[in-house]
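Here's coords_14.tsv, which has TSV, C-alpha atoms:
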```
chain	number	residue	atom	x	y	z
A	1	MET	CA	16.44	19.63	10.31
A	2	ASP	CA	18.93	17.98	8.02
A	3	ARG	CA	16.78	16.04	5.56
A	4	LEU	CA	19.74	14.02	4.29
A	5	ILE	CA	21.02	11.09	6.26
A	6	ASN	CA	23.72	8.45	6.45
A	7	ASN	CA	22.38	5.64	4.26
A	8	ASN	CA	23.22	2.87	6.76
A	9	LEU	CA	20.91	4.40	9.36
A	10	LEU	CA	17.88	3.49	7.23
A	11	ASP	CA	18.51	-0.25	6.97
A	12	GLY	CA	15.46	-1.96	8.49
A	13	TRP	CA	13.28	1.12	7.98
A	14	VAL	CA	10.61	1.55	5.32
A	15	PRO	CA	9.07	4.69	3.82
A	16	SER	CA	5.69	4.89	5.55
A	17	ARG	CA	4.54	8.19	4.13
A	18	LEU	CA	5.31	10.54	1.23
A	19	TYR	CA	3.92	14.03	1.78
A	20	TRP	CA	4.53	17.66	1.09
A	21	SER	CA	5.68	20.40	3.42
A	22	GLU	CA	6.07	23.91	2.03
A	23	SER	CA	5.82	22.37	-1.46
A	24	GLN	CA	8.74	20.02	-0.80
A	25	PRO	CA	8.19	16.24	-0.91
A	26	LEU	CA	9.27	14.57	2.33
A	27	VAL	CA	9.46	10.95	3.40
A	28	ASP	CA	8.67	9.55	6.83
A	29	TRP	CA	10.38	6.27	7.65
A	30	CYS	CA	9.10	3.63	10.05
A	31	HIS	CA	11.23	0.97	11.72
A	32	LEU	CA	9.69	-2.33	10.67
A	33	GLY	CA	11.50	-4.37	13.32
A	34	ARG	CA	10.69	-8.05	13.08
A	35	ASN	CA	7.49	-7.38	11.14
A	36	THR	CA	7.08	-8.42	7.54
A	37	PHE	CA	4.35	-7.30	5.17
A	38	SER	CA	2.18	-10.33	5.82
A	39	ASP	CA	-0.97	-8.36	6.64
A	40	ALA	CA	-3.81	-7.78	4.19
A	41	PHE	CA	-2.75	-4.17	3.60
A	42	PHE	CA	0.46	-2.13	3.87
A	43	ASP	CA	-1.14	0.18	6.41
A	44	TYR	CA	-2.16	-2.71	8.68
A	45	THR	CA	1.53	-3.57	9.06
A	46	ILE	CA	2.58	0.05	9.55
A	47	ASN	CA	-0.17	0.58	12.13
A	48	LYS	CA	1.10	-2.48	13.99
A	49	CYS	CA	4.57	-0.92	14.02
A	50	MET	CA	3.19	2.43	15.15
A	51	ALA	CA	1.70	0.75	18.21
A	52	GLN	CA	5.30	0.38	19.46
A	53	PRO	CA	6.39	3.35	21.57
A	54	PHE	CA	9.75	3.45	19.77
A	55	ASN	CA	8.09	4.09	16.42
A	56	LEU	CA	5.90	6.81	17.84
A	57	LEU	CA	8.84	8.69	19.27
A	58	PHE	CA	11.48	8.01	16.64
A	59	ARG	CA	10.99	8.45	12.93
A	60	HIS	CA	13.43	9.46	10.26
A	61	GLN	CA	12.11	12.29	8.15
A	62	THR	CA	14.12	12.81	4.97
A	63	SER	CA	14.07	14.54	1.64
A	64	ILE	CA	12.99	12.43	-1.33
A	65	GLU	CA	16.60	12.59	-2.47
A	66	VAL	CA	17.44	10.00	0.19
A	67	LEU	CA	15.19	7.54	-1.64
A	68	ARG	CA	17.31	8.05	-4.76
A	69	GLN	CA	20.51	7.38	-2.82
A	70	ARG	CA	19.10	4.10	-1.54
A	71	TYR	CA	17.83	3.18	-5.02
A	72	GLU	CA	21.39	3.48	-6.27
A	73	THR	CA	23.00	1.53	-3.43
A	74	ARG	CA	20.36	-1.01	-2.33
A	75	PRO	CA	18.47	-2.36	-5.33
A	76	GLY	CA	16.49	-4.95	-3.34
A	77	VAL	CA	14.39	-7.64	-5.02
A	78	LYS	CA	13.32	-6.83	-8.58
A	79	PRO	CA	9.51	-6.66	-8.90
A	80	THR	CA	8.12	-10.01	-10.07
A	81	GLY	CA	4.56	-8.98	-10.85
A	82	PHE	CA	2.00	-6.23	-10.33
A	83	ILE	CA	-1.60	-6.83	-9.32
A	84	PHE	CA	-4.30	-4.45	-10.49
A	85	HIS	CA	-7.97	-4.96	-9.82
A	86	MET	CA	-11.48	-3.68	-10.26
A	87	SER	CA	-11.82	-3.68	-6.43
A	88	ARG	CA	-13.89	-6.30	-4.57
A	89	SER	CA	-12.62	-8.90	-6.97
A	90	GLY	CA	-10.34	-11.21	-4.99
A	91	SER	CA	-7.09	-9.21	-5.10
A	92	THR	CA	-6.65	-9.35	-1.34
A	93	LEU	CA	-7.04	-13.13	-1.41
A	94	VAL	CA	-4.34	-13.32	-4.09
A	95	THR	CA	-1.91	-11.18	-2.11
A	96	ARG	CA	-2.60	-13.04	1.15
A	97	MET	CA	-1.85	-16.33	-0.59
A	98	LEU	CA	1.41	-15.00	-2.04
A	99	ALA	CA	2.38	-13.45	1.31
A	100	ALA	CA	1.97	-16.84	3.01
A	101	LEU	CA	5.37	-17.86	1.61
A	102	PRO	CA	8.52	-16.37	3.17
A	103	GLN	CA	10.30	-16.05	-0.19
A	104	ASN	CA	7.69	-13.51	-1.32
A	105	ILE	CA	7.65	-9.84	-0.45
A	106	VAL	CA	4.08	-8.61	-0.97
A	107	ILE	CA	3.13	-4.95	-0.70
A	108	SER	CA	-0.56	-4.22	-0.80
A	109	GLU	CA	-2.06	-0.79	-1.54
A	110	ALA	CA	0.81	1.22	-0.09
A	111	PRO	CA	-0.16	4.87	0.46
A	112	PRO	CA	3.35	6.16	-0.38
A	113	LEU	CA	3.00	4.68	-3.89
A	114	ASP	CA	-0.41	6.35	-4.19
A	115	SER	CA	1.13	9.68	-3.14
A	116	ALA	CA	3.81	9.36	-5.84
A	117	LEU	CA	1.25	8.46	-8.51
A	118	GLN	CA	-0.99	11.39	-7.52
A	119	ALA	CA	1.87	13.87	-7.11
A	120	HIS	CA	0.79	15.80	-10.24
A	121	PHE	CA	-2.35	16.91	-8.36
A	122	LYS	CA	-0.33	18.72	-5.66
A	123	SER	CA	-0.03	22.50	-5.44
A	124	ALA	CA	3.55	22.18	-6.70
A	125	PRO	CA	2.80	19.57	-9.36
A	126	ALA	CA	5.39	16.92	-10.04
A	127	SER	CA	6.42	16.20	-13.62
A	128	GLY	CA	5.82	12.83	-15.23
A	129	GLN	CA	9.53	12.06	-14.90
A	130	ASP	CA	9.46	12.96	-11.17
A	131	ARG	CA	6.56	10.56	-10.63
A	132	ILE	CA	8.35	7.79	-12.54
A	133	ASP	CA	11.56	8.33	-10.53
A	134	TRP	CA	9.75	8.53	-7.18
A	135	LEU	CA	7.76	5.40	-7.96
A	136	ARG	CA	10.95	3.49	-8.83
A	137	TRP	CA	12.72	4.74	-5.71
A	138	LEU	CA	9.81	3.92	-3.39
A	139	VAL	CA	9.32	0.46	-4.89
A	140	CYS	CA	13.04	-0.18	-4.39
A	141	ALA	CA	12.84	0.92	-0.74
A	142	LEU	CA	9.94	-1.49	-0.22
A	143	ALA	CA	11.78	-4.31	-2.01
A	144	GLN	CA	14.40	-4.80	0.70
A	145	PRO	CA	14.69	-8.38	2.00
A	146	ARG	CA	13.82	-8.76	5.68
A	147	LEU	CA	14.24	-12.49	6.26
A	148	GLY	CA	17.15	-13.17	3.92
A	149	GLY	CA	15.56	-15.65	1.51
A	150	GLU	CA	13.20	-13.37	-0.38
A	151	LYS	CA	13.25	-14.01	-4.14
A	152	HIS	CA	10.00	-12.59	-5.45
A	153	PHE	CA	8.35	-9.21	-5.02
A	154	PHE	CA	4.68	-8.55	-5.77
A	155	ILE	CA	2.86	-5.23	-5.55
A	156	LYS	CA	-0.88	-4.88	-5.38
A	157	PHE	CA	-1.88	-1.36	-6.37
A	158	HIS	CA	-5.01	0.57	-5.41
A	159	GLY	CA	-7.96	-0.05	-7.75
A	160	TRP	CA	-7.70	3.28	-9.57
A	161	HIS	CA	-3.95	2.92	-10.21
A	162	VAL	CA	-4.65	0.93	-13.36
A	163	LEU	CA	-5.55	4.35	-14.83
A	164	GLU	CA	-1.85	5.16	-14.39
A	165	LEU	CA	-0.67	2.04	-16.23
A	166	PRO	CA	1.18	3.98	-18.99
A	167	LEU	CA	3.28	5.76	-16.35
A	168	ILE	CA	3.79	2.60	-14.29
A	169	ARG	CA	4.90	0.76	-17.45
A	170	LYS	CA	7.41	3.53	-18.16
A	171	ALA	CA	8.85	3.04	-14.68
A	172	PHE	CA	8.77	-0.78	-14.92
A	173	PRO	CA	8.49	-1.78	-18.60
A	174	ASP	CA	9.43	-5.44	-18.02
A	175	VAL	CA	7.21	-6.25	-15.05
A	176	PRO	CA	4.17	-8.39	-15.97
A	177	TRP	CA	0.81	-7.47	-14.44
A	178	ILE	CA	-2.58	-9.02	-13.93
A	179	PHE	CA	-5.98	-7.38	-13.74
A	180	LEU	CA	-8.63	-9.01	-11.57
A	181	TYR	CA	-12.28	-8.32	-12.31
A	182	ARG	CA	-15.61	-9.73	-11.33
A	183	ASP	CA	-19.30	-9.76	-12.17
A	184	PRO	CA	-20.35	-6.06	-11.93
A	185	ILE	CA	-23.33	-6.64	-9.64
A	186	ASP	CA	-21.17	-8.55	-7.15
A	187	VAL	CA	-18.68	-5.67	-7.11
A	188	LEU	CA	-21.29	-2.91	-6.86
A	189	VAL	CA	-23.24	-4.63	-4.07
A	190	SER	CA	-19.99	-5.02	-2.08
A	191	GLU	CA	-19.15	-1.37	-2.68
A	192	MET	CA	-22.55	-0.14	-1.55
A	193	GLU	CA	-22.58	-2.35	1.54
A	194	GLN	CA	-19.09	-1.36	2.64
A	195	ARG	CA	-18.06	1.87	0.98
A	196	GLY	CA	-14.38	1.84	0.06
A	197	GLN	CA	-12.64	3.57	-2.78
A	198	MET	CA	-15.72	4.71	-4.61
A	199	ILE	CA	-16.70	7.61	-2.39
A	200	PRO	CA	-17.14	10.77	-4.52
A	201	HIS	CA	-14.19	13.22	-4.25
A	202	MET	CA	-11.76	10.49	-3.13
A	203	LEU	CA	-10.50	10.34	-6.70
A	204	HIS	CA	-9.28	13.49	-8.41
A	205	GLN	CA	-12.07	14.80	-10.64
A	206	SER	CA	-9.71	15.38	-13.56
A	207	LEU	CA	-9.95	11.61	-14.11
A	208	PHE	CA	-13.40	12.24	-15.56
A	209	GLY	CA	-12.34	15.02	-17.95
A	210	ASN	CA	-15.10	17.38	-19.06
A	211	ASP	CA	-17.74	15.09	-17.58
A	212	ALA	CA	-16.46	15.63	-14.01
A	213	PRO	CA	-19.36	17.85	-12.78
A	214	LEU	CA	-21.90	15.34	-14.13
A	215	VAL	CA	-20.12	12.30	-12.68
A	216	ILE	CA	-19.63	13.81	-9.23
A	217	ALA	CA	-23.33	14.70	-9.02
A	218	MET	CA	-24.40	11.12	-9.82
A	219	ALA	CA	-26.14	8.80	-7.34
A	220	PRO	CA	-23.62	6.61	-5.44
A	221	GLU	CA	-24.46	3.47	-7.45
A	222	GLU	CA	-23.99	5.22	-10.77
A	223	TYR	CA	-20.85	7.08	-9.64
A	224	SER	CA	-19.25	3.80	-8.55
A	225	ALA	CA	-20.25	2.14	-11.82
A	226	VAL	CA	-18.66	4.96	-13.85
A	227	VAL	CA	-15.40	4.78	-11.88
A	228	LEU	CA	-15.27	0.98	-12.13
A	229	ALA	CA	-15.97	1.16	-15.86
A	230	ALA	CA	-13.04	3.59	-16.31
A	231	ILE	CA	-10.82	1.16	-14.38
A	232	CYS	CA	-11.92	-1.78	-16.55
A	233	HIS	CA	-11.45	0.24	-19.75
A	234	ALA	CA	-7.87	1.07	-18.77
A	235	ALA	CA	-7.04	-2.60	-18.15
A	236	LEU	CA	-8.62	-3.64	-21.44
A	237	THR	CA	-6.83	-0.90	-23.40
A	238	HIS	CA	-3.38	-1.80	-22.10
A	239	ARG	CA	-3.73	-5.59	-21.73
A	240	ASP	CA	-1.39	-6.22	-24.67
A	241	GLN	CA	1.41	-4.47	-22.80
A	242	GLY	CA	2.38	-7.18	-20.34
A	243	GLY	CA	-1.08	-7.84	-18.90
A	244	LEU	CA	-3.17	-10.90	-18.09
A	245	LEU	CA	-6.90	-10.71	-17.37
A	246	ILE	CA	-8.21	-12.87	-14.52
A	247	ASN	CA	-11.87	-13.28	-13.60
A	248	TYR	CA	-12.70	-13.75	-9.90
A	249	ARG	CA	-14.26	-17.10	-10.87
A	250	GLN	CA	-10.75	-18.40	-11.67
A	251	LEU	CA	-9.65	-17.93	-8.05
A	252	PRO	CA	-8.09	-19.40	-6.05
A	253	ASP	CA	-6.70	-22.02	-8.47
A	254	ALA	CA	-5.31	-19.37	-10.82
A	255	VAL	CA	-2.91	-18.22	-8.10
A	256	TRP	CA	-0.83	-21.39	-8.21
A	257	SER	CA	-1.47	-22.02	-11.92
A	258	SER	CA	-2.01	-19.33	-14.57
A	259	ILE	CA	-0.98	-16.31	-12.45
A	260	SER	CA	2.21	-17.97	-11.20
A	261	GLU	CA	3.06	-19.20	-14.68
A	262	PHE	CA	2.48	-15.71	-16.09
A	263	PHE	CA	4.72	-14.15	-13.45
A	264	GLY	CA	7.37	-16.79	-14.13
A	265	VAL	CA	7.41	-18.29	-10.65
A	266	GLY	CA	6.90	-21.86	-9.48
A	267	TRP	CA	6.04	-23.46	-6.16
A	268	THR	CA	6.72	-26.82	-4.58
A	269	ASP	CA	3.72	-28.94	-3.63
A	270	ALA	CA	4.22	-27.95	0.02
A	271	GLU	CA	4.31	-24.24	-0.89
A	272	ALA	CA	1.14	-24.59	-2.96
A	273	GLU	CA	-0.51	-26.28	0.03
A	274	THR	CA	0.56	-23.39	2.28
A	275	MET	CA	-1.03	-20.94	-0.12
A	276	LYS	CA	-4.20	-23.02	-0.31
A	277	LEU	CA	-4.52	-22.85	3.47
A	278	MET	CA	-4.98	-19.08	3.14
A	279	THR	CA	-8.15	-19.65	1.11
A	280	LYS	CA	-9.75	-21.08	4.22
A	281	ARG	CA	-9.50	-17.66	5.87
A	282	HIS	CA	-11.27	-14.44	5.08
A	283	ALA	CA	-8.72	-12.40	3.12
A	284	LYS	CA	-9.20	-9.11	4.96
A	285	ASP	CA	-9.92	-10.57	8.37
A	286	PRO	CA	-7.79	-13.67	9.00
A	287	ALA	CA	-9.72	-14.42	12.18
A	288	ALA	CA	-12.85	-15.09	10.13
A	289	THR	CA	-13.38	-17.98	7.74
A	290	PHE	CA	-13.41	-17.10	4.03
A	291	GLN	CA	-16.70	-17.78	2.27
A	292	ALA	CA	-17.40	-17.11	-1.37
A	293	ASP	CA	-19.87	-14.25	-1.14
A	294	SER	CA	-21.45	-14.03	-4.58
A	295	LYS	CA	-24.54	-15.91	-3.51
A	296	GLY	CA	-27.29	-13.59	-2.43
A	297	LYS	CA	-25.80	-10.46	-3.97
A	298	TYR	CA	-28.25	-10.39	-6.84
A	299	GLU	CA	-31.08	-10.56	-4.32
A	300	ARG	CA	-29.60	-7.62	-2.41
A	301	ALA	CA	-29.05	-5.44	-5.48
A	302	GLY	CA	-31.65	-2.67	-5.81
A	303	ALA	CA	-33.14	-1.52	-9.11
A	304	GLN	CA	-30.87	1.57	-9.29
A	305	LEU	CA	-27.77	-0.56	-8.80
A	306	ILE	CA	-28.80	-3.08	-11.45
A	307	GLU	CA	-29.55	-0.27	-13.88
A	308	ALA	CA	-26.14	1.34	-13.23
A	309	ALA	CA	-24.39	-2.01	-13.71
A	310	GLN	CA	-26.22	-2.68	-16.96
A	311	ARG	CA	-25.64	0.76	-18.35
A	312	TRP	CA	-21.99	1.30	-17.42
A	313	LEU	CA	-20.38	-1.99	-16.50
A	314	TYR	CA	-21.78	-5.02	-18.31
A	315	PRO	CA	-20.68	-3.77	-21.77
A	316	ILE	CA	-17.04	-3.46	-20.63
A	317	TYR	CA	-17.30	-6.64	-18.56
A	318	GLU	CA	-18.32	-8.57	-21.68
A	319	LYS	CA	-15.38	-7.07	-23.58
A	320	LEU	CA	-13.02	-8.17	-20.79
A	321	GLU	CA	-14.49	-11.65	-20.95
A	322	SER	CA	-13.98	-11.82	-24.73
A	323	ALA	CA	-10.41	-10.57	-24.41
A	324	ARG	CA	-9.72	-13.08	-21.63
A	325	ALA	CA	-11.04	-15.93	-23.76
A	326	ALA	CA	-8.61	-14.90	-26.50
A	327	GLN	CA	-5.54	-14.83	-24.19
S	1	MET	CA	8.20	24.36	23.26
S	2	SER	CA	9.63	24.02	26.78
S	3	ARG	CA	13.38	23.74	27.39
S	4	ASN	CA	12.87	20.14	28.51
S	5	LEU	CA	11.00	19.24	25.34
S	6	SER	CA	13.83	20.62	23.28
S	7	GLU	CA	16.16	18.48	25.40
S	8	LEU	CA	14.00	15.50	24.45
S	9	ASP	CA	14.16	16.50	20.79
S	10	ARG	CA	17.95	16.64	20.98
S	11	PHE	CA	17.97	13.18	22.51
S	12	ARG	CA	15.63	11.90	19.79
S	13	GLN	CA	18.07	13.12	17.16
S	14	ALA	CA	20.95	11.48	19.01
S	15	VAL	CA	19.10	8.15	19.10
S	16	LEU	CA	18.24	8.35	15.40
S	17	ALA	CA	21.95	8.72	14.67
S	18	ASP	CA	23.04	5.85	16.97
S	19	LEU	CA	22.15	2.28	15.95
S	20	ALA	CA	23.30	0.80	19.29
S	21	LEU	CA	20.99	3.12	21.23
S	22	GLN	CA	18.13	2.31	18.85
S	23	ARG	CA	18.58	-1.42	19.35
S	24	GLN	CA	18.09	-1.01	23.10
S	25	LEU	CA	14.75	0.74	22.61
S	26	GLN	CA	13.28	-0.72	19.43
S	27	TYR	CA	11.74	-3.93	20.68
S	28	LEU	CA	10.16	-2.77	23.93
S	29	SER	CA	6.41	-2.96	23.46
S	30	ASP	CA	5.59	-2.27	27.11
S	31	ASN	CA	5.12	1.49	27.52
S	32	GLU	CA	6.32	1.60	31.11
S	33	ARG	CA	9.52	-0.34	30.47
S	34	PHE	CA	10.16	1.80	27.38
S	35	LEU	CA	9.69	5.00	29.38
S	36	GLU	CA	11.97	3.87	32.19
S	37	LEU	CA	14.76	2.86	29.82
S	38	LEU	CA	14.41	6.03	27.75
S	39	LEU	CA	14.62	8.21	30.86
S	40	ARG	CA	17.66	6.29	32.14
S	41	LEU	CA	19.48	6.45	28.79
S	42	GLY	CA	18.76	10.17	28.54
S	43	ARG	CA	19.85	10.86	32.11
S	44	GLU	CA	23.09	8.90	31.66
S	45	ARG	CA	23.93	11.06	28.66
S	46	GLY	CA	23.14	14.36	30.38
S	47	TYR	CA	19.78	15.15	28.79
S	48	GLY	CA	17.35	16.98	31.06
S	49	PHE	CA	13.92	15.81	29.90
S	50	THR	CA	11.26	14.36	32.20
S	51	ARG	CA	8.66	11.59	32.13
S	52	LEU	CA	5.97	14.21	31.44
S	53	ASP	CA	7.92	15.48	28.42
S	54	VAL	CA	8.07	11.97	26.96
S	55	GLU	CA	4.40	11.29	27.66
S	56	GLU	CA	3.47	14.57	25.97
S	57	ALA	CA	5.66	13.71	22.97
S	58	LEU	CA	4.05	10.26	22.69
S	59	ARG	CA	0.57	11.81	22.77
S	60	ALA	CA	1.54	14.33	20.08
S	61	ALA	CA	3.04	11.56	17.91
S	62	ARG	CA	-0.15	9.48	18.17
S	63	ARG	CA	-2.19	12.53	17.17
S	64	THR	CA	0.10	13.28	14.20
S	65	TRP	CA	-0.10	9.67	13.02
S	66	ILE	CA	-3.89	9.61	13.21
S	67	GLU	CA	-4.17	12.97	11.45
S	68	ARG	CA	-1.77	12.04	8.65
S	69	TRP	CA	-4.57	11.91	6.07
S	70	ILE	CA	-5.40	15.58	6.56
S	71	ASP	CA	-3.35	17.61	4.09
```

Exercise: express the given structure as structure tokens:
Amino acid sequence: MDRLINNNLLDGWVPSRLYWSESQPLVDWCHLGRNTFSDAFFDYTINKCMAQPFNLLFRHQTSIEVLRQRYETRPGVKPTGFIFHMSRSGSTLVTRMLAALPQNIVISEAPPLDSALQAHFKSAPASGQDRIDWLRWLVCALAQPRLGGEKHFFIKFHGWHVLELPLIRKAFPDVPWIFLYRDPIDVLVSEMEQRGQMIPHMLHQSLFGNDAPLVIAMAPEEYSAVVLAAICHAALTHRDQGGLLINYRQLPDAVWSSISEFFGVGWTDAEAETMKLMTKRHAKDPAATFQADSKGKYERAGAQLIEAAQRWLYPIYEKLESARAAQ
Amino acid sequence: MSRNLSELDRFRQAVLADLALQRQLQYLSDNERFLELLLRLGRERGYGFTRLDVEEALRAARRTWIERWID
């Protein structure tokens, strides 16, 4: 199959998957149709598209070189701001509020970006420069306007991507970013009740250096606490390079105040009201009503969880709080 | 792969290279209407695939999509 393609044929399509076949990186493209990325996660939107028979039967499959061609010819909307998070700390609410406005393109936890960032773990490892290029090209492909009036472009990364901040900053040195964090017990209780990103072996063990065998053998509460602490440490270390720390307690007001100001965007009163309406819905399940869920978490936290939080997370949480107070 | 399936693959490539053909098929969410139109468009252009070929290809595509996380 010819992996190169006439550039015009990809207008209206988005890269849905970056993967490797015989050590070569390939891109699958999905026709987005009339859909926009207004769902809580990138994959929710792609899954919606894949329910259409056309998308099941017809997909462009190209070399990664095609992404470069499009990067050079279709720059799209320049990224306005990046959203990093500790996980379970309100990032989905922030992105849902931003996505409520048609002038905003909002991409949330896109697996192709994760594949590019983790490409150095593949059997044919990508160089740092490859990962920077691929990230730029993918972001550009996702930055294409769909309605015509898009002016801002926000990307929410996976929780662990803050560990890749130095590389992401090399790819996008001028893009401001925020880091959302929350009381450690609230985060850990959520993680234990609905296991997400903190399942052992989901993250590459090289992230833990020489301690990897010890960390992987830890109880789930302690493993999650160690991973979350590493995420928080990365945000704290790099906060002076274009970052703003936001505590969950500042939400949702911070979205139309400090976060918007930091990203250099402003909203009319009507737009702010539209965003506020999103706070009345559960961020990940729009059919349900959003309720602040901190209450009761302390009561549900077991002794092992509290011990893990105190040992691994509260020290870094306090440092984040001090740094935030000094912003 | 059967001869008919390869006929379907050839038609898939032709559609991917033809924006006008794509536009006819892209927004049909009803499986039956999609199938009927696909078969008619293929037949009109001399491709010899059948309804069973398309249904098999749709099943395989669903499976591939679901299994995408397995490296």

Pairwise distance for atom CA of Phe172 of chain A and atom CA of Leu93 of chain A, rounded to one decimal in Å: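 Atom CA of Leu93 of chain A lies 24.2 Å from atom CA of Phe172 of chain A.
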
10 Å contact set for segment 58-70 of chain S, all atoms listed in the file, chain neighbours under 5 positions out, as number ranges by chain: A: 17, 19, 47, 50-51, 53-59; S: 52-53

Would you mind listing, as a PDB file with C-alpha atoms, keeping the file's coordinate frame, all residues of chain S that have at least one atom within 9 Å of chain A, where only C-alpha atoms are what counts?
```pdb
ATOM      1  CA  ARG S  12      15.630  11.900  19.790  1.00  0.00           C
ATOM      2  CA  GLN S  13      18.070  13.120  17.160  1.00  0.00           C
ATOM      3  CA  VAL S  15      19.100   8.150  19.100  1.00  0.00           C
ATOM      4  CA  LEU S  16      18.240   8.350  15.400  1.00  0.00           C
ATOM      5  CA  ALA S  17      21.950   8.720  14.670  1.00  0.00           C
ATOM      6  CA  ASP S  18      23.040   5.850  16.970  1.00  0.00           C
ATOM      7  CA  LEU S  19      22.150   2.280  15.950  1.00  0.00           C
ATOM      8  CA  GLN S  22      18.130   2.310  18.850  1.00  0.00           C
ATOM      9  CA  LEU S  25      14.750   0.740  22.610  1.00  0.00           C
ATOM     10  CA  GLN S  26      13.280  -0.720  19.430  1.00  0.00           C
ATOM     11  CA  TYR S  27      11.740  -3.930  20.680  1.00  0.00           C
ATOM     12  CA  LEU S  28      10.160  -2.770  23.930  1.00  0.00           C
ATOM     13  CA  SER S  29       6.410  -2.960  23.460  1.00  0.00           C
ATOM     14  CA  ASP S  30       5.590  -2.270  27.110  1.00  0.00           C
ATOM     15  CA  ASN S  31       5.120   1.490  27.520  1.00  0.00           C
ATOM     16  CA  PHE S  34      10.160   1.800  27.380  1.00  0.00           C
ATOM     17  CA  LEU S  35       9.690   5.000  29.380  1.00  0.00           C
ATOM     18  CA  VAL S  54       8.070  11.970  26.960  1.00  0.00           C
ATOM     19  CA  ALA S  57       5.660  13.710  22.970  1.00  0.00           C
ATOM     20  CA  LEU S  58       4.050  10.260  22.690  1.00  0.00           C
ATOM     21  CA  ARG S  59       0.570  11.810  22.770  1.00  0.00           C
ATOM     22  CA  ALA S  60       1.540  14.330  20.080  1.00  0.00           C
ATOM     23  CA  ALA S  61       3.040  11.560  17.910  1.00  0.00           C
ATOM     24  CA  ARG S  62      -0.150   9.480  18.170  1.00  0.00           C
ATOM     25  CA  TRP S  65      -0.100   9.670  13.020  1.00  0.00           C
ATOM     26  CA  ARG S  68      -1.770  12.040   8.650  1.00  0.00           C
ATOM     27  CA  ASP S  71      -3.350  17.610   4.090  1.00  0.00           C
TER      28      ASP S  71
END
```

Polymer residues at most 10 Å from Leu277 of chain A, all atoms listed in the file, same-chain spacing of 5 or more positions, as a list in words: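 So, after excluding close chain neighbours, the residues are Met97, Ala100, Glu271 and Ala272 of chain A.
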
Separation of atom CA of Asp130 of chain A from atom CA of Glu72 of chain A, in Å and rounded to one decimal: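 About the pair atom CA of Asp130 of chain A and atom CA of Glu72 of chain A: they are 16.0 Å apart.
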
Surrounding residues of Phe11 of chain S excluding itself and chain neighbours under 4 positions, 8 Å, all atoms listed in the file, as a VMD selection string: chain S and resid 7 15 42 47

Interatomic distance (Å, one decimal) between atom CA of Ser258 of chain A and atom CA of Arg169 of chain A: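 Computing it gives 21.4 Å between the two atoms.
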
Point (19.4, 8.7, -4.3) neighbourhood (12 Å, all atoms listed in the file) written as a PyMOL selection string: chain A and resi 4-7+62-75+133-134+136-138+140-141

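Counting all atoms listed in the file and comparing A:Pro79, A:Leu147, A:Arg300, A:Asp211, the residue that lies closest to Glu193 of chain A is A:Arg300.
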
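Within 9 Å of the point (-1.3, -12.6, -0.9) in file coordinates, and counting all atoms listed in the file, lie the residues Ser38, Asp39, Ala40, Ser91, Thr92, Leu93, Val94, Thr95, Arg96, Met97, Leu98, Ala99, Ala100, Leu101, Val106, Ile107, Ser108, Phe154, Lys156, Met275, Met278 and Ala283 of chain A.
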